[in-house]
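Dropping entry_14.cif in here (mmCIF, C-alpha atoms):
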```
data_protein
loop_
_atom_site.label_atom_id
_atom_site.label_comp_id
_atom_site.auth_asym_id
_atom_site.auth_seq_id
_atom_site.Cartn_x
_atom_site.Cartn_y
_atom_site.Cartn_z
CA PRO A 1 76.60 100.65 117.91
CA HIS A 2 77.12 104.38 117.57
CA GLU A 3 79.89 105.44 115.16
CA VAL A 4 82.03 106.64 118.06
CA MET A 5 81.86 103.20 119.64
CA ARG A 6 82.72 101.55 116.32
CA ALA A 7 85.66 103.92 115.88
CA TRP A 8 86.95 103.19 119.37
CA SER A 9 86.70 99.45 118.76
CA VAL A 10 89.02 99.90 115.79
CA ARG A 11 91.43 102.05 117.82
CA LEU A 12 91.60 99.68 120.77
CA GLY A 13 91.87 96.50 118.73
CA HIS A 14 95.28 95.05 117.89
CA PRO A 15 96.10 95.99 114.27
CA ASP A 16 97.00 92.44 113.23
CA GLN A 17 93.88 90.90 114.77
CA ASN A 18 90.47 90.72 113.10
CA ILE A 19 91.87 91.79 109.72
CA GLY A 20 88.81 90.49 107.96
CA ALA A 21 86.53 92.56 110.20
CA ARG A 22 88.56 95.70 109.51
CA GLN A 23 88.37 95.17 105.78
CA ASN A 24 84.65 94.61 106.01
CA LEU A 25 84.25 97.87 107.93
CA ALA A 26 86.30 99.69 105.30
CA VAL A 27 83.89 98.47 102.64
CA THR A 28 80.57 98.78 104.42
CA ASP A 29 80.77 101.35 107.23
CA LYS A 30 79.19 104.67 106.25
CA SER A 31 80.99 106.71 108.90
CA PRO A 32 84.10 108.72 107.94
CA LEU A 33 85.05 108.65 111.62
CA VAL A 34 85.37 104.87 111.46
CA ARG A 35 87.27 105.02 108.17
CA ARG A 36 89.61 107.59 109.74
CA GLU A 37 90.47 105.13 112.51
CA LEU A 38 90.94 102.35 109.96
CA ALA A 39 93.33 104.55 107.97
CA SER A 40 95.23 105.34 111.19
CA SER A 41 95.78 101.62 111.75
CA LEU A 42 97.54 101.04 108.41
CA PRO A 43 101.15 101.51 109.66
CA GLY A 44 100.72 98.72 112.20
CA LEU A 45 99.52 96.13 109.71
CA ARG A 46 101.49 93.53 107.84
CA PRO A 47 102.07 94.57 104.20
CA VAL A 48 99.50 92.27 102.60
CA ALA A 49 96.82 93.32 105.08
CA ALA A 50 97.72 97.00 104.75
CA VAL A 51 97.40 96.88 100.96
CA ALA A 52 94.03 95.14 101.19
CA LEU A 53 92.72 97.66 103.73
CA ALA A 54 94.07 100.65 101.79
CA THR A 55 92.49 99.29 98.61
CA ALA A 56 89.08 99.29 100.30
CA LEU A 57 89.56 102.76 101.81
CA LEU A 58 90.76 104.35 98.56
CA LYS A 59 87.50 103.40 96.86
CA HIS A 60 85.60 105.88 99.06
CA GLY A 61 85.63 108.91 96.80
CA GLU A 62 83.42 110.71 99.30
CA ASP A 63 86.48 110.97 101.58
CA LYS A 64 88.69 112.73 99.04
CA ASP A 65 88.19 116.15 100.67
CA ASP A 66 88.41 114.90 104.23
CA PRO A 67 91.21 116.82 106.00
CA MET A 68 92.72 113.66 107.47
CA ILE A 69 91.76 110.43 105.70
CA PRO A 70 93.79 110.85 102.46
CA LEU A 71 96.89 111.85 104.43
CA LEU A 72 96.49 108.99 106.90
CA ILE A 73 96.16 106.52 104.03
CA TRP A 74 99.28 107.93 102.39
CA TYR A 75 101.33 107.76 105.59
CA GLY A 76 100.29 104.12 105.90
CA ILE A 77 101.09 103.06 102.35
CA GLU A 78 104.15 105.18 101.46
CA PRO A 79 106.70 102.60 102.71
CA LEU A 80 104.89 99.88 100.76
CA VAL A 81 104.85 101.93 97.54
CA ALA A 82 108.54 102.75 98.00
CA ALA A 83 109.41 99.09 98.50
CA ASP A 84 107.37 97.74 95.58
CA PRO A 85 106.20 99.91 92.64
CA THR A 86 103.64 97.27 91.66
CA VAL A 87 101.83 98.00 94.93
CA GLY A 88 101.66 101.66 93.95
CA MET A 89 100.26 100.76 90.53
CA GLN A 90 97.69 98.47 92.13
CA LEU A 91 96.49 101.23 94.45
CA VAL A 92 96.46 103.90 91.72
CA LYS A 93 94.06 101.81 89.66
CA VAL A 94 91.44 101.74 92.44
CA SER A 95 92.02 105.15 94.01
CA LYS A 96 89.21 107.68 93.98
CA MET A 97 91.24 110.13 96.05
CA PRO A 98 93.25 112.46 93.74
CA LYS A 99 95.52 113.62 96.55
CA VAL A 100 96.66 110.09 97.35
CA THR A 101 96.99 109.25 93.66
CA GLU A 102 99.25 112.27 93.16
CA PHE A 103 101.40 111.27 96.13
CA ILE A 104 101.78 107.77 94.67
CA TYR A 105 102.80 109.16 91.27
CA ARG A 106 105.41 111.38 92.88
CA ARG A 107 106.82 108.52 94.95
CA LEU A 108 106.98 106.22 91.95
CA GLY A 109 108.64 109.00 89.98
CA ALA A 110 111.52 109.00 92.46
CA GLU A 111 112.70 105.51 91.43
CA GLU A 112 113.65 104.26 87.96
CA LYS A 113 111.57 101.09 88.25
CA GLY A 114 108.58 103.15 89.33
CA ARG A 115 109.03 105.53 86.39
CA LEU A 116 108.98 102.64 83.95
CA GLU A 117 105.77 101.36 85.52
CA LEU A 118 104.23 104.82 85.21
CA MET A 119 105.05 105.00 81.50
CA LYS A 120 103.54 101.60 80.89
CA LEU A 121 100.38 102.57 82.76
CA SER A 122 100.07 105.78 80.77
CA PHE A 123 100.35 103.97 77.45
CA SER A 124 97.83 101.33 78.49
CA THR A 125 95.01 103.76 79.30
CA ASN A 126 93.00 106.40 77.47
CA ASP A 127 92.00 108.07 80.75
CA GLN A 128 93.45 111.58 80.57
CA SER A 129 92.99 112.09 84.30
CA ILE A 130 95.60 109.34 84.70
CA ARG A 131 97.87 110.19 81.78
CA PHE A 132 98.55 113.86 82.43
CA PRO A 133 99.56 113.58 86.11
CA ILE A 134 101.90 110.73 85.14
CA LEU A 135 103.48 112.90 82.46
CA VAL A 136 103.96 115.76 84.92
CA SER A 137 105.53 113.39 87.45
CA LEU A 138 107.96 112.03 84.86
CA VAL A 139 108.96 115.47 83.61
CA GLU A 140 109.50 116.70 87.17
CA ALA A 141 111.75 113.69 87.81
CA ALA A 142 113.72 114.40 84.63
CA ARG A 143 114.13 118.07 85.57
CA ARG A 144 115.52 117.00 88.95
CA GLY A 145 118.20 115.09 87.09
CA GLU A 146 116.71 111.66 87.72
CA HIS A 147 117.44 109.06 85.05
CA VAL A 148 114.29 108.52 82.99
CA SER A 149 114.66 105.85 80.33
CA LYS A 150 112.44 104.67 77.51
CA PRO A 151 111.04 101.15 77.86
CA GLU A 152 113.10 98.89 75.58
CA ASP A 153 110.16 97.88 73.39
CA TRP A 154 108.91 101.47 72.88
CA THR A 155 109.57 103.70 69.90
CA TRP A 156 110.08 107.44 70.38
CA ASP A 157 106.67 108.05 68.80
CA MET A 158 105.16 105.87 71.51
CA VAL A 159 106.76 108.07 74.16
CA LYS A 160 105.29 111.24 72.64
CA THR A 161 101.86 109.89 71.69
CA GLY A 162 101.52 107.55 74.66
CA LEU A 163 102.22 110.32 77.14
CA GLY A 164 101.37 113.46 75.26
CA THR A 165 97.72 113.18 74.25
CA ALA A 166 94.73 114.93 75.77
CA LYS A 167 91.12 115.75 74.89
CA SER A 168 91.00 119.54 74.71
CA PRO A 169 93.27 121.43 72.28
CA GLU A 170 94.82 123.43 75.15
CA ALA A 171 95.53 120.34 77.24
CA ALA A 172 96.83 118.48 74.19
CA ALA A 173 99.26 121.29 73.40
CA GLU A 174 100.61 121.33 76.96
CA ALA A 175 100.85 117.53 77.08
CA MET A 176 102.70 117.37 73.77
CA LYS A 177 105.10 120.10 74.90
CA LEU A 178 105.91 118.19 78.09
CA SER A 179 106.23 114.82 76.35
CA THR A 180 108.58 116.31 73.73
CA GLU A 181 110.72 117.77 76.52
CA LEU A 182 110.80 114.38 78.23
CA ALA A 183 111.69 112.61 74.98
CA ALA A 184 114.55 115.07 74.36
CA ILE A 185 116.00 114.47 77.82
CA MET A 186 115.66 110.72 77.28
CA GLY A 187 117.58 110.91 73.99
CA ASP A 188 115.08 111.20 71.13
CA PRO A 189 116.98 112.70 68.14
CA ASP A 190 113.87 114.33 66.65
CA ALA A 191 112.90 115.94 69.97
CA ARG A 192 116.41 117.32 70.41
CA ALA A 193 116.36 118.67 66.86
CA HIS A 194 113.06 120.35 67.70
CA PHE A 195 114.60 122.23 70.60
CA ARG A 196 117.73 123.08 68.59
CA SER A 197 115.48 124.78 66.06
CA HIS A 198 113.88 126.74 68.89
CA LEU A 199 117.30 127.72 70.19
CA THR A 200 118.36 129.26 66.89
CA SER A 201 115.00 130.68 65.81
CA SER A 202 114.87 134.47 65.51
CA ARG A 203 111.07 134.31 65.57
CA LEU A 204 110.88 133.05 69.15
CA GLY A 205 111.17 135.17 72.25
CA THR A 206 114.08 135.07 74.67
CA SER A 207 112.24 132.98 77.27
CA GLU A 208 111.39 130.23 74.76
CA ARG A 209 114.96 130.09 73.48
CA GLU A 210 116.30 129.97 77.03
CA LYS A 211 113.92 127.12 77.80
CA ALA A 212 115.19 125.22 74.76
CA LEU A 213 118.77 125.76 75.90
CA GLN A 214 117.93 124.53 79.38
CA ILE A 215 116.36 121.34 78.02
CA LEU A 216 119.23 120.66 75.61
CA THR A 217 121.81 121.25 78.32
CA GLN A 218 120.03 118.89 80.68
CA ALA A 219 119.78 116.34 77.87
CA GLY A 220 123.54 116.54 77.36
CA ASP A 221 123.08 117.40 73.70
CA THR A 222 126.51 117.45 72.04
CA GLN A 223 125.50 119.80 69.23
CA THR A 224 124.27 122.65 71.43
CA ALA A 225 127.68 124.21 72.14
CA LYS A 226 128.49 124.46 68.44
CA LEU A 227 125.08 126.00 67.72
CA LEU A 228 125.62 128.61 70.42
CA GLN A 229 129.03 129.44 69.01
CA GLN A 230 127.58 129.85 65.52
CA THR A 231 124.80 132.03 66.89
CA VAL A 232 127.27 134.31 68.66
CA ILE A 233 129.42 134.62 65.52
CA ALA A 234 126.36 135.38 63.38
CA THR A 235 125.26 138.05 65.87
CA ASP A 236 128.66 139.70 65.80
#
```

Show me this structure written as structure tokens.
Amino acid sequence: PHEVMRAWSVRLGHPDQNIGARQNLAVTDKSPLVRRELASSLPGLRPVAAVALATALLKHGEDKDDPMIPLLIWYGIEPLVAADPTVGMQLVKVSKMPKVTEFIYRRLGAEEKGRLELMKLSFSTNDQSIRFPILVSLVEAARRGEHVSKPEDWTWDMVKTGLGTAKSPEAAAEAMKLSTELAAIMGDPDARAHFRSHLTSSRLGTSEREKALQILTQAGDTQTAKLLQQTVIATD
């Protein structure tokens, strides 16, 4: 049948009927119009069926720039990702749609359990296209005041090297800067000492010292107030 007819058959069918046929269409149908209708049906499916269908749809990297499909998929899976971070991790691993992947990272970053899962994923992969967005998501969560904790079996070096590596020198520098900030907020003594040295350094510009103060304040660093007092006295 013509793609319009196939799309209409998806639209008119009951979401919880012919699940197998829908999944097969998601895998084999070459029409984005059909895949758009399949994505639209996600909210009406039972969770297990919705995850299976979304998994098939997210593998279509050719749809990543479609104006509707990535958003429709996200609207369909957001409640599932919010309810169970492992679902989000499962979908991230198959996703070839950067927009949806980013949405999943952000949603996982809003919950402590999701943040722990993100850190574990980052440390388990060498794929920088996965690692850096995770790091950004975690830092954004920390800056919002969300509690971001180190996995119990991690060392502080694992936080900084597991999250803060990248291929190019420029990307590596930015990743290390963000991972050090995250480690300081999470409680790493060495990372906090690093920012204290920035705070008191006469060689750094005002903006860099202000940034160090902001990070230390957010981290609740108990030594910062005394350092500021000493700096003011020394200036006078």

So that I can see what lies close to range 166-177 of chain A, please list as a ChimeraX atom specification the residues with an atom at most 7 Å from it, counting all atoms listed in the file and leaving out residues fewer than 4 positions away in the same chain.
/A:128,132,160,181

Evaluated on this file, the PyMOL selection byres ((chain A and resi 59) around 8) picks out some residues - which ones are they, written as a PyMOL selection string?
chain A and resi 55-58+60-61+94-97

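Among the candidates A:Glu140, A:Glu37, A:Glu208, A:Asp63, the residue lying nearest to Leu178 in chain A is A:Glu140 (atoms considered: all atoms listed in the file).
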
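Among the candidates A:Lys30, A:Lys113, A:Lys120, A:Lys64, the one nearest to Glu3 in chain A when counting all atoms listed in the file is A:Lys30.
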
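Of the listed residues (A:Ser129, A:Gly145, A:Val87, A:Thr155), A:Val87 comes nearest to Glu117 in chain A; the distances count only C-alpha atoms.
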
Is it possible to get the residues within 9 Å of (114.5, 107.7, 77.7) (coordinates as in the file, counting only C-alpha atoms) written as JSON, numbers by chain?
{"A": [147, 148, 149, 150, 151, 156, 159, 182, 183, 184, 185, 186, 187, 188]}

Test item: the PyMOL selection byres ((chain A and resi 88) around 9) resolved as a PyMOL selection string
chain A and resi 77-78+80-82+84-87+89-93+101+104-105+107-108+114

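With only C-alpha atoms as the atoms that count, the residue of A:Lys211, A:Ser179, A:Ala26, A:Lys99 with the shortest distance to Met119 in chain A is A:Ser179.
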
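Straight-line separation from CA of Val100 in chain A to CA of Val4 in chain A: 25.6 Å.
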
In the coordinates of the file, take the point (120.9, 127.4, 68.2) and a cut-off of 9 Å; then, counting only C-alpha atoms, name each qualifying protein, DNA or RNA residue as a PyMOL selection string.
chain A and resi 195-201+209+212-213+223-231

I want to know what sits within 10 Å of Gln23 in chain A, based on only C-alpha atoms, with residues of the same chain fewer than 6 positions away left out; could you give that as a PyMOL selection string?
chain A and resi 29+38+49-50+52-57

Writing out the chosen residues with C-alpha atoms as a PDB file, keeping the file's coordinate frame:
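As a result, result_33.pdb now contains:
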```pdb
ATOM      1  CA  ASP A  29      80.770 101.350 107.230  1.00  0.00           C
ATOM      2  CA  LEU A  38      90.940 102.350 109.960  1.00  0.00           C
ATOM      3  CA  ALA A  49      96.820  93.320 105.080  1.00  0.00           C
ATOM      4  CA  ALA A  50      97.720  97.000 104.750  1.00  0.00           C
ATOM      5  CA  ALA A  52      94.030  95.140 101.190  1.00  0.00           C
ATOM      6  CA  LEU A  53      92.720  97.660 103.730  1.00  0.00           C
ATOM      7  CA  ALA A  54      94.070 100.650 101.790  1.00  0.00           C
ATOM      8  CA  THR A  55      92.490  99.290  98.610  1.00  0.00           C
ATOM      9  CA  ALA A  56      89.080  99.290 100.300  1.00  0.00           C
ATOM     10  CA  LEU A  57      89.560 102.760 101.810  1.00  0.00           C
TER      11      LEU A  57
END
```

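Take the candidates A:Ala141, A:Met158, A:Leu204, A:Val48 and check each one against Ser122 in chain A using all atoms listed in the file; the shortest distance goes to A:Met158.
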
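Note that the spacing between CA of Tyr75 in chain A and CA of Pro43 in chain A amounts to 7.5 Å.
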